[in-house]
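So this one's structure_19.cif, mmCIF, N, CA and C atoms:
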data_target
loop_
_atom_site.label_atom_id
_atom_site.label_comp_id
_atom_site.auth_asym_id
_atom_site.auth_seq_id
_atom_site.Cartn_x
_atom_site.Cartn_y
_atom_site.Cartn_z
N MET E 1 65.74 20.72 -5.61
CA MET E 1 64.99 20.00 -6.61
C MET E 1 64.09 18.94 -5.97
N LYS E 2 64.62 18.27 -4.92
CA LYS E 2 63.85 17.26 -4.22
C LYS E 2 62.58 17.85 -3.66
N LYS E 3 62.68 19.06 -3.10
CA LYS E 3 61.53 19.72 -2.49
C LYS E 3 60.46 20.00 -3.55
N VAL E 4 60.89 20.40 -4.72
CA VAL E 4 59.95 20.70 -5.80
C VAL E 4 59.22 19.43 -6.22
N VAL E 5 59.94 18.34 -6.37
CA VAL E 5 59.36 17.07 -6.78
C VAL E 5 58.40 16.57 -5.70
N LEU E 6 58.82 16.64 -4.43
CA LEU E 6 57.96 16.20 -3.33
C LEU E 6 56.71 17.07 -3.23
N THR E 7 56.86 18.36 -3.43
CA THR E 7 55.71 19.28 -3.39
C THR E 7 54.76 18.97 -4.54
N ALA E 8 55.31 18.72 -5.72
CA ALA E 8 54.49 18.39 -6.89
C ALA E 8 53.74 17.07 -6.66
N MET E 9 54.40 16.10 -6.07
CA MET E 9 53.77 14.81 -5.79
C MET E 9 52.66 14.99 -4.75
N ALA E 10 52.94 15.77 -3.73
CA ALA E 10 51.95 16.00 -2.69
C ALA E 10 50.75 16.74 -3.27
N LEU E 11 51.01 17.72 -4.12
CA LEU E 11 49.93 18.46 -4.77
C LEU E 11 49.11 17.55 -5.67
N THR E 12 49.75 16.70 -6.43
CA THR E 12 49.07 15.76 -7.31
C THR E 12 48.21 14.79 -6.49
N LEU E 13 48.76 14.29 -5.39
CA LEU E 13 48.01 13.38 -4.52
C LEU E 13 46.80 14.09 -3.92
N SER E 14 46.96 15.33 -3.50
CA SER E 14 45.87 16.11 -2.93
C SER E 14 44.77 16.33 -3.95
N LEU E 15 45.14 16.67 -5.19
CA LEU E 15 44.16 16.88 -6.24
C LEU E 15 43.42 15.59 -6.57
N THR E 16 44.13 14.47 -6.57
CA THR E 16 43.51 13.17 -6.83
C THR E 16 42.49 12.84 -5.75
N VAL E 17 42.87 13.06 -4.50
CA VAL E 17 41.96 12.78 -3.39
C VAL E 17 40.75 13.71 -3.46
N LEU E 18 40.98 14.98 -3.77
CA LEU E 18 39.89 15.95 -3.87
C LEU E 18 38.92 15.56 -4.98
N THR E 19 39.45 15.16 -6.11
CA THR E 19 38.61 14.73 -7.24
C THR E 19 37.81 13.49 -6.86
N SER E 20 38.46 12.56 -6.21
CA SER E 20 37.78 11.33 -5.79
C SER E 20 36.66 11.65 -4.80
N CYS E 21 36.90 12.57 -3.89
CA CYS E 21 35.88 12.95 -2.91
C CYS E 21 34.69 13.61 -3.60
N ARG E 22 34.96 14.43 -4.58
CA ARG E 22 33.86 15.08 -5.32
C ARG E 22 33.02 14.04 -6.06
N GLU E 23 33.69 13.10 -6.69
CA GLU E 23 32.96 12.05 -7.40
C GLU E 23 32.12 11.23 -6.43
N THR E 24 32.68 10.92 -5.28
CA THR E 24 31.94 10.17 -4.27
C THR E 24 30.75 10.96 -3.78
N LYS E 25 30.93 12.26 -3.58
CA LYS E 25 29.84 13.12 -3.14
C LYS E 25 28.73 13.14 -4.18
N ASP E 26 29.11 13.28 -5.46
CA ASP E 26 28.11 13.29 -6.53
C ASP E 26 27.35 11.97 -6.61
N LYS E 27 28.08 10.87 -6.48
CA LYS E 27 27.44 9.55 -6.52
C LYS E 27 26.50 9.36 -5.33
N ALA E 28 26.92 9.83 -4.17
CA ALA E 28 26.07 9.72 -2.98
C ALA E 28 24.81 10.56 -3.15
N LYS E 29 24.96 11.74 -3.75
CA LYS E 29 23.79 12.60 -3.99
C LYS E 29 22.83 11.93 -4.96
N GLU E 30 23.35 11.35 -6.03
CA GLU E 30 22.50 10.65 -6.99
C GLU E 30 21.79 9.46 -6.33
N ALA E 31 22.52 8.72 -5.52
CA ALA E 31 21.92 7.57 -4.84
C ALA E 31 20.82 8.02 -3.88
N THR E 32 21.04 9.13 -3.20
CA THR E 32 20.02 9.66 -2.28
C THR E 32 18.78 10.09 -3.04
N GLU E 33 18.97 10.75 -4.17
CA GLU E 33 17.82 11.18 -4.98
C GLU E 33 17.05 9.97 -5.51
N GLU E 34 17.76 8.95 -5.96
CA GLU E 34 17.11 7.74 -6.46
C GLU E 34 16.34 7.05 -5.34
N ALA E 35 16.94 7.01 -4.15
CA ALA E 35 16.27 6.39 -3.01
C ALA E 35 15.00 7.15 -2.65
N ALA E 36 15.06 8.48 -2.71
CA ALA E 36 13.88 9.30 -2.41
C ALA E 36 12.77 9.04 -3.43
N GLU E 37 13.14 8.95 -4.69
CA GLU E 37 12.15 8.65 -5.74
C GLU E 37 11.54 7.27 -5.53
N THR E 38 12.37 6.31 -5.18
CA THR E 38 11.89 4.96 -4.94
C THR E 38 10.93 4.93 -3.76
N LEU E 39 11.27 5.65 -2.70
CA LEU E 39 10.39 5.72 -1.53
C LEU E 39 9.06 6.40 -1.87
N ASP E 40 9.13 7.45 -2.67
CA ASP E 40 7.90 8.12 -3.10
C ASP E 40 7.02 7.16 -3.89
N GLN E 41 7.62 6.42 -4.80
CA GLN E 41 6.88 5.46 -5.61
C GLN E 41 6.29 4.37 -4.72
N ALA E 42 7.08 3.89 -3.77
CA ALA E 42 6.59 2.85 -2.86
C ALA E 42 5.41 3.38 -2.04
N GLY E 43 5.51 4.63 -1.60
CA GLY E 43 4.41 5.24 -0.86
C GLY E 43 3.16 5.34 -1.70
N ASP E 44 3.32 5.72 -2.96
CA ASP E 44 2.16 5.80 -3.86
C ASP E 44 1.55 4.42 -4.08
N ASP E 45 2.42 3.42 -4.25
CA ASP E 45 1.94 2.05 -4.46
C ASP E 45 1.19 1.54 -3.22
N LEU E 46 1.72 1.85 -2.03
CA LEU E 46 1.05 1.43 -0.80
C LEU E 46 -0.29 2.12 -0.64
N LYS E 47 -0.35 3.40 -0.99
CA LYS E 47 -1.62 4.13 -0.89
C LYS E 47 -2.64 3.52 -1.84
N LYS E 48 -2.20 3.22 -3.05
CA LYS E 48 -3.11 2.61 -4.03
C LYS E 48 -3.60 1.25 -3.53
N ALA E 49 -2.70 0.45 -2.97
CA ALA E 49 -3.08 -0.86 -2.45
C ALA E 49 -4.07 -0.71 -1.29
N ALA E 50 -3.84 0.26 -0.43
CA ALA E 50 -4.76 0.49 0.69
C ALA E 50 -6.12 0.94 0.19
N ASP E 51 -6.13 1.81 -0.81
CA ASP E 51 -7.40 2.25 -1.39
C ASP E 51 -8.15 1.09 -2.03
N ASP E 52 -7.41 0.23 -2.74
CA ASP E 52 -8.03 -0.94 -3.37
C ASP E 52 -8.62 -1.88 -2.31
N ALA E 53 -7.87 -2.07 -1.23
CA ALA E 53 -8.35 -2.94 -0.15
C ALA E 53 -9.60 -2.34 0.50
N ALA E 54 -9.60 -1.03 0.71
CA ALA E 54 -10.77 -0.38 1.30
C ALA E 54 -11.99 -0.53 0.39
N ASP E 55 -11.78 -0.37 -0.92
CA ASP E 55 -12.88 -0.55 -1.87
C ASP E 55 -13.41 -1.99 -1.83
N ALA E 56 -12.49 -2.95 -1.77
CA ALA E 56 -12.90 -4.36 -1.73
C ALA E 56 -13.70 -4.65 -0.46
N ILE E 57 -13.26 -4.10 0.66
CA ILE E 57 -13.98 -4.31 1.92
C ILE E 57 -15.35 -3.67 1.85
N LYS E 58 -15.42 -2.48 1.27
CA LYS E 58 -16.71 -1.80 1.14
C LYS E 58 -17.66 -2.63 0.27
N ASP E 59 -17.14 -3.13 -0.85
CA ASP E 59 -17.97 -3.95 -1.74
C ASP E 59 -18.45 -5.21 -1.02
N ALA E 60 -17.54 -5.85 -0.29
CA ALA E 60 -17.90 -7.06 0.45
C ALA E 60 -18.96 -6.75 1.50
N GLY E 61 -18.83 -5.61 2.17
CA GLY E 61 -19.82 -5.21 3.17
C GLY E 61 -21.19 -5.01 2.55
N GLU E 62 -21.23 -4.40 1.38
CA GLU E 62 -22.50 -4.18 0.69
C GLU E 62 -23.12 -5.51 0.28
N GLU E 63 -22.30 -6.44 -0.20
CA GLU E 63 -22.81 -7.76 -0.59
C GLU E 63 -23.35 -8.50 0.63
N ILE E 64 -22.64 -8.42 1.74
CA ILE E 64 -23.09 -9.08 2.96
C ILE E 64 -24.42 -8.48 3.43
N LYS E 65 -24.54 -7.18 3.33
CA LYS E 65 -25.79 -6.52 3.71
C LYS E 65 -26.95 -7.01 2.84
N GLU E 66 -26.71 -7.10 1.54
CA GLU E 66 -27.75 -7.59 0.63
C GLU E 66 -28.16 -9.02 0.96
N VAL E 67 -27.17 -9.87 1.21
CA VAL E 67 -27.46 -11.26 1.55
C VAL E 67 -28.24 -11.31 2.87
N GLY E 68 -27.86 -10.49 3.81
CA GLY E 68 -28.57 -10.45 5.09
C GLY E 68 -30.01 -10.02 4.92
N GLU E 69 -30.23 -9.01 4.09
CA GLU E 69 -31.61 -8.55 3.83
C GLU E 69 -32.43 -9.64 3.15
N GLU E 70 -31.82 -10.33 2.18
CA GLU E 70 -32.52 -11.42 1.50
C GLU E 70 -32.86 -12.54 2.49
N THR E 71 -31.94 -12.84 3.37
CA THR E 71 -32.16 -13.88 4.38
C THR E 71 -33.30 -13.49 5.32
N MET E 72 -33.31 -12.22 5.73
CA MET E 72 -34.37 -11.75 6.61
C MET E 72 -35.73 -11.82 5.90
N ASP E 73 -35.76 -11.43 4.62
CA ASP E 73 -37.00 -11.50 3.86
C ASP E 73 -37.49 -12.95 3.75
N ALA E 74 -36.57 -13.86 3.47
CA ALA E 74 -36.92 -15.28 3.35
C ALA E 74 -37.43 -15.81 4.68
N ALA E 75 -36.78 -15.43 5.77
CA ALA E 75 -37.21 -15.90 7.10
C ALA E 75 -38.60 -15.35 7.42
N LYS E 76 -38.85 -14.09 7.09
CA LYS E 76 -40.17 -13.49 7.35
C LYS E 76 -41.24 -14.22 6.54
N LYS E 77 -40.93 -14.49 5.28
CA LYS E 77 -41.88 -15.19 4.41
C LYS E 77 -42.18 -16.58 4.97
N ALA E 78 -41.12 -17.28 5.40
CA ALA E 78 -41.31 -18.62 5.96
C ALA E 78 -42.14 -18.54 7.24
N GLY E 79 -41.88 -17.52 8.05
CA GLY E 79 -42.66 -17.34 9.28
C GLY E 79 -44.12 -17.07 8.99
N ASP E 80 -44.38 -16.22 7.99
CA ASP E 80 -45.77 -15.93 7.61
C ASP E 80 -46.47 -17.19 7.10
N GLU E 81 -45.77 -17.99 6.31
CA GLU E 81 -46.34 -19.23 5.79
C GLU E 81 -46.65 -20.20 6.92
N MET E 82 -45.73 -20.28 7.89
CA MET E 82 -45.97 -21.17 9.03
C MET E 82 -47.16 -20.67 9.85
N LYS E 83 -47.27 -19.38 10.01
CA LYS E 83 -48.39 -18.79 10.76
C LYS E 83 -49.71 -19.14 10.07
N GLU E 84 -49.76 -18.99 8.76
CA GLU E 84 -50.98 -19.30 7.99
C GLU E 84 -51.30 -20.80 8.10
N ALA E 85 -50.28 -21.63 8.02
CA ALA E 85 -50.49 -23.08 8.12
C ALA E 85 -51.02 -23.42 9.52
N ALA E 86 -50.48 -22.77 10.55
CA ALA E 86 -50.94 -23.02 11.92
C ALA E 86 -52.39 -22.59 12.08
N LYS E 87 -52.76 -21.42 11.51
CA LYS E 87 -54.14 -20.95 11.60
C LYS E 87 -55.10 -21.95 10.93
N LYS E 88 -54.69 -22.44 9.76
CA LYS E 88 -55.53 -23.40 9.04
C LYS E 88 -55.68 -24.68 9.84
N ALA E 89 -54.59 -25.12 10.45
CA ALA E 89 -54.65 -26.34 11.25
C ALA E 89 -55.57 -26.14 12.44
N ILE E 90 -55.50 -25.00 13.11
CA ILE E 90 -56.37 -24.71 14.26
C ILE E 90 -57.81 -24.61 13.82
N ASP E 91 -58.07 -23.95 12.69
CA ASP E 91 -59.42 -23.79 12.19
C ASP E 91 -60.05 -25.13 11.79
N SER E 92 -59.24 -26.05 11.34
CA SER E 92 -59.77 -27.33 10.90
C SER E 92 -60.08 -28.25 12.07
N ILE E 93 -59.67 -27.89 13.23
CA ILE E 93 -59.92 -28.76 14.40
C ILE E 93 -61.32 -28.58 14.89
#
Let's see the structure in the file written out as structure tokens.
Amino acid sequence: MKKVVLTAMALTLSLTVLTSCRETKDKAKEATEEAAETLDQAGDDLKKAADDAADAIKDAGEEIKEVGEETMDAAKKAGDEMKEAAKKAIDSI
């Protein structure tokens, strides 16, 4: 009778451990899937942020180019005006 009781207890303990291992495996699988989804989302967010930064840099570059062109035009105009003023001054001498 002792052997039967000990065998039943051992079997019950084995089934409990097996069930616990399965639950742990399932939880680990769920956690892994959630982590993968989170990493995918983070990757998408980083890509979007990089794209936004690239667009901002491109826009800033275009604005700088426009300001540079305006500055060059203003400098040319000022140079032409100075040239005309110098010619008038020389002619009046």
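The spacing separating atom C of Ser20 in chain E from atom N of Leu39 in chain E amounts to 26.2 Å.
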Quick one, how far is CA of Ala35 in chain E from CA of Asp52 in chain E?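 About the pair CA of Ala35 in chain E and CA of Asp52 in chain E: they are 25.4 Å apart.
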Quote the spacing between atom C of Glu84 in chain E and atom C of Met72 in chain E in Å to one decimal place. 18.1 Å
